[in-house]
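Okay, so here's the structure we're looking at.
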Amino acid sequence: IKQGFASIAQGIPQGIGLAVGNAIIAPLRELAGVIPAAINEFKLLDQSIQLTLGIAGEGPAKFGELQASILRVSSASAATASEVAGVAQSLAKAGFSFSEIDSAMAGIVQGAEATGTAYEAMGSIIVSAMGAWQLEAAESARVADVLTVAANSSNQSVTDLGEALKYVGPVAKATGQSLEDTALALELLANNGIRGSQAGTSFRTILTNLQIAAS
């Protein structure tokens with residue numbers, strides 16, 4: 001057999017033999033790089049899921065369910081499973097229950113991709129907004145939509161919006177302003193060069209003064 005391969009090799013011109021060899025070896029080299037990366041991704045995902053379950057007060061029995069949810073969200077987006085798992089972990093740290101994490105992940109990932117915001121940063125901003133208006137986890141997609149439209153329709157980023165909402169959110173909620181109305185007001189301020197914390201404090205002052213005048 002060895003002699004047969006040698007005879008065949010001798011009968012193939014050198015350039016063609018080299019091309020055939022490279023055609024065989026190149027995919028193997030790529031595979032050698034892909035396999036370790038895939039193993040590392042699997043390890044990171046496994047660790048993140050276990051940590052998320054621990055933070056959320058859930059046991060190993062929920063591992064498969066959370067893994068399936070993360071993979072489902074990942075497959076429907078550009079996010080890796082580890083990135084989605086990072087969002088889930090952030091939600092757990094914010095006090096979300098297992099079911100709330102499951103409900104909120106997709107909206108956060110979609111909002112992040114629609115605005116070019118980092119996944120975990122988008123999660124933090126959405127969680128803060130939901131807290132200010134005391135919204136349920138199931139409304140995360142709605143919050144993501146509101147923030148996405150506000151950011152993409154004005155001279156500001158979602159990060160600017162998040163910073164503004166830190167200052168005005170609780171007061172806006174207390175004075176009867178919806179998230180949508182507040183976002184619209186912040187859009188107008190941003191288009192006039194006022195954004196971020198400056199926009200939040202400015203709008204908070206306006207709402208506070210109106211409340212004082214009404215009383």
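Ligands are numbered from 1 in the order shown, chains are lettered A, B, ... in the order of the structure tokens, and residues start at 1 in each chain.
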
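Those residues that approach A:Thr115 to within 10 Å, counting only C-alpha atoms, are Gln110, Met122, Ala144, Leu147, Thr148, Val149, Ala151, Asn152, Ser157, Val158 and Thr159 of chain A; same-chain residues fewer than 5 positions away are not listed.
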
Export, as a PDB file, in the first residue's frame, the selected residues with C-alpha atoms.
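File produced: result-v1.pdb:
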ATOM      1  CA  GLN A 110     -32.751  42.616  20.492  1.00  0.00           C
ATOM      2  CA  MET A 122     -28.383  47.354  27.590  1.00  0.00           C
ATOM      3  CA  ALA A 144     -36.262  47.983  24.857  1.00  0.00           C
ATOM      4  CA  LEU A 147     -35.379  53.137  24.345  1.00  0.00           C
ATOM      5  CA  THR A 148     -34.407  51.990  20.855  1.00  0.00           C
ATOM      6  CA  VAL A 149     -36.829  54.376  19.145  1.00  0.00           C
ATOM      7  CA  ALA A 151     -32.094  56.715  20.811  1.00  0.00           C
ATOM      8  CA  ASN A 152     -32.349  56.124  17.073  1.00  0.00           C
ATOM      9  CA  SER A 157     -27.312  56.962  22.527  1.00  0.00           C
ATOM     10  CA  VAL A 158     -29.059  54.437  24.739  1.00  0.00           C
ATOM     11  CA  THR A 159     -26.261  55.057  27.242  1.00  0.00           C
TER      12      THR A 159
END

Q) Can you tell me, as JSON, numbers by chain, what residues are no more than 12 Å from stretch 60-66 of chain A when counting only C-alpha atoms, ignoring any on the same chain fewer than 2 positions away? A) {"A": [45, 46, 47, 48, 49, 50, 51, 52, 53, 54, 56, 57, 58, 68, 69, 70, 71, 72, 73, 81, 84, 85, 88, 89, 97, 98, 99, 100, 101, 102, 103, 105]}

Q.
When you look at A:Leu188 with a cut-off of 12 Å (counting only C-alpha atoms), what residues show up, excluding the ones that are within fewer than 6 positions of it in the same chain? I need them as JSON, numbers by chain.
A. {"A": [150, 151, 153, 154, 155, 156, 161, 181, 182, 194, 195, 199, 203]}

Could you write out that same residue set with N, CA, C and O atoms as a JSON list (two decimals), in the first residue's frame?
[["chain", "number", "residue", "atom", "x", "y", "z"],
["A", 150, "ALA", "N", -36.26, 55.97, 20.89],
["A", 150, "ALA", "CA", -35.81, 57.26, 21.40],
["A", 150, "ALA", "C", -34.36, 57.54, 21.03],
["A", 150, "ALA", "O", -34.01, 58.66, 20.64],
["A", 151, "ALA", "N", -33.51, 56.53, 21.13],
["A", 151, "ALA", "CA", -32.09, 56.71, 20.81],
["A", 151, "ALA", "C", -31.87, 56.90, 19.32],
["A", 151, "ALA", "O", -31.12, 57.78, 18.88],
["A", 153, "SER", "N", -33.95, 57.96, 17.14],
["A", 153, "SER", "CA", -34.70, 59.09, 16.56],
["A", 153, "SER", "C", -34.17, 60.44, 17.04],
["A", 153, "SER", "O", -34.77, 61.47, 16.74],
["A", 154, "SER", "N", -33.08, 60.43, 17.78],
["A", 154, "SER", "CA", -32.56, 61.69, 18.32],
["A", 154, "SER", "C", -31.05, 61.65, 18.42],
["A", 154, "SER", "O", -30.42, 60.63, 18.16],
["A", 155, "ASN", "N", -30.49, 62.77, 18.82],
["A", 155, "ASN", "CA", -29.03, 62.92, 18.89],
["A", 155, "ASN", "C", -28.50, 62.43, 20.24],
["A", 155, "ASN", "O", -27.93, 63.19, 21.02],
["A", 156, "GLN", "N", -28.70, 61.13, 20.49],
["A", 156, "GLN", "CA", -28.23, 60.54, 21.74],
["A", 156, "GLN", "C", -28.13, 59.03, 21.58],
["A", 156, "GLN", "O", -28.67, 58.45, 20.64],
["A", 161, "LEU", "N", -29.50, 57.93, 27.30],
["A", 161, "LEU", "CA", -30.86, 57.78, 27.84],
["A", 161, "LEU", "C", -30.85, 57.14, 29.22],
["A", 161, "LEU", "O", -31.54, 57.59, 30.13],
["A", 181, "ASP", "N", -43.65, 58.93, 27.40],
["A", 181, "ASP", "CA", -43.66, 60.40, 27.45],
["A", 181, "ASP", "C", -42.30, 60.93, 27.90],
["A", 181, "ASP", "O", -41.82, 61.95, 27.38],
["A", 182, "THR", "N", -41.71, 60.27, 28.86],
["A", 182, "THR", "CA", -40.40, 60.69, 29.37],
["A", 182, "THR", "C", -39.34, 60.55, 28.28],
["A", 182, "THR", "O", -38.51, 61.44, 28.10],
["A", 194, "ILE", "N", -28.91, 68.77, 24.78],
["A", 194, "ILE", "CA", -28.94, 68.44, 26.20],
["A", 194, "ILE", "C", -29.22, 66.95, 26.34],
["A", 194, "ILE", "O", -30.29, 66.47, 25.97],
["A", 195, "ARG", "N", -28.26, 66.21, 26.87],
["A", 195, "ARG", "CA", -28.42, 64.75, 26.95],
["A", 195, "ARG", "C", -27.75, 64.20, 28.22],
["A", 195, "ARG", "O", -27.06, 64.94, 28.92],
["A", 199, "ALA", "N", -29.66, 66.19, 30.83],
["A", 199, "ALA", "CA", -31.06, 66.09, 30.41],
["A", 199, "ALA", "C", -31.93, 65.58, 31.56],
["A", 199, "ALA", "O", -33.04, 66.07, 31.79],
["A", 203, "PHE", "N", -34.96, 67.85, 33.15],
["A", 203, "PHE", "CA", -36.36, 67.43, 33.06],
["A", 203, "PHE", "C", -36.91, 67.17, 34.46],
["A", 203, "PHE", "O", -38.08, 67.44, 34.74]]

Q: Report the residues of stretch 17-197 of chain A whose backbone DSSP state falls under alpha helix (DSSP H), written as JSON, numbers by chain.
A: {"A": [17, 18, 19, 20, 21, 22, 23, 24, 25, 26, 27, 28, 29, 30, 31, 32, 33, 34, 35, 36, 37, 38, 39, 40, 41, 42, 43, 44, 45, 46, 47, 48, 49, 50, 51, 52, 53, 54, 55, 63, 64, 65, 66, 67, 68, 69, 70, 71, 72, 73, 74, 75, 81, 82, 83, 84, 85, 86, 87, 88, 89, 90, 91, 92, 93, 98, 99, 100, 101, 102, 103, 104, 105, 106, 107, 108, 109, 110, 111, 112, 113, 114, 115, 119, 120, 121, 122, 123, 124, 125, 126, 127, 128, 129, 130, 131, 132, 133, 140, 141, 142, 143, 144, 145, 146, 147, 148, 149, 150, 151, 152, 158, 159, 160, 161, 162, 163, 164, 165, 166, 167, 168, 169, 170, 171, 172, 173, 174, 179, 180, 181, 182, 183, 184, 185, 186, 187, 188, 189, 190, 196, 197]}

**Q.** Residue with smallest distance to A:Glu163 - pool A:Val87, A:Ala138, A:Ala121, A:Ala114, counting only C-alpha atoms
**A.** A:Ala121

Q. How far is it from atom CA of A:Ala132 to atom CA of A:Leu179, in Å with one decimal?
A.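 Computed distance, atom CA of A:Ala132 to atom CA of A:Leu179, equals 9.2 Å.
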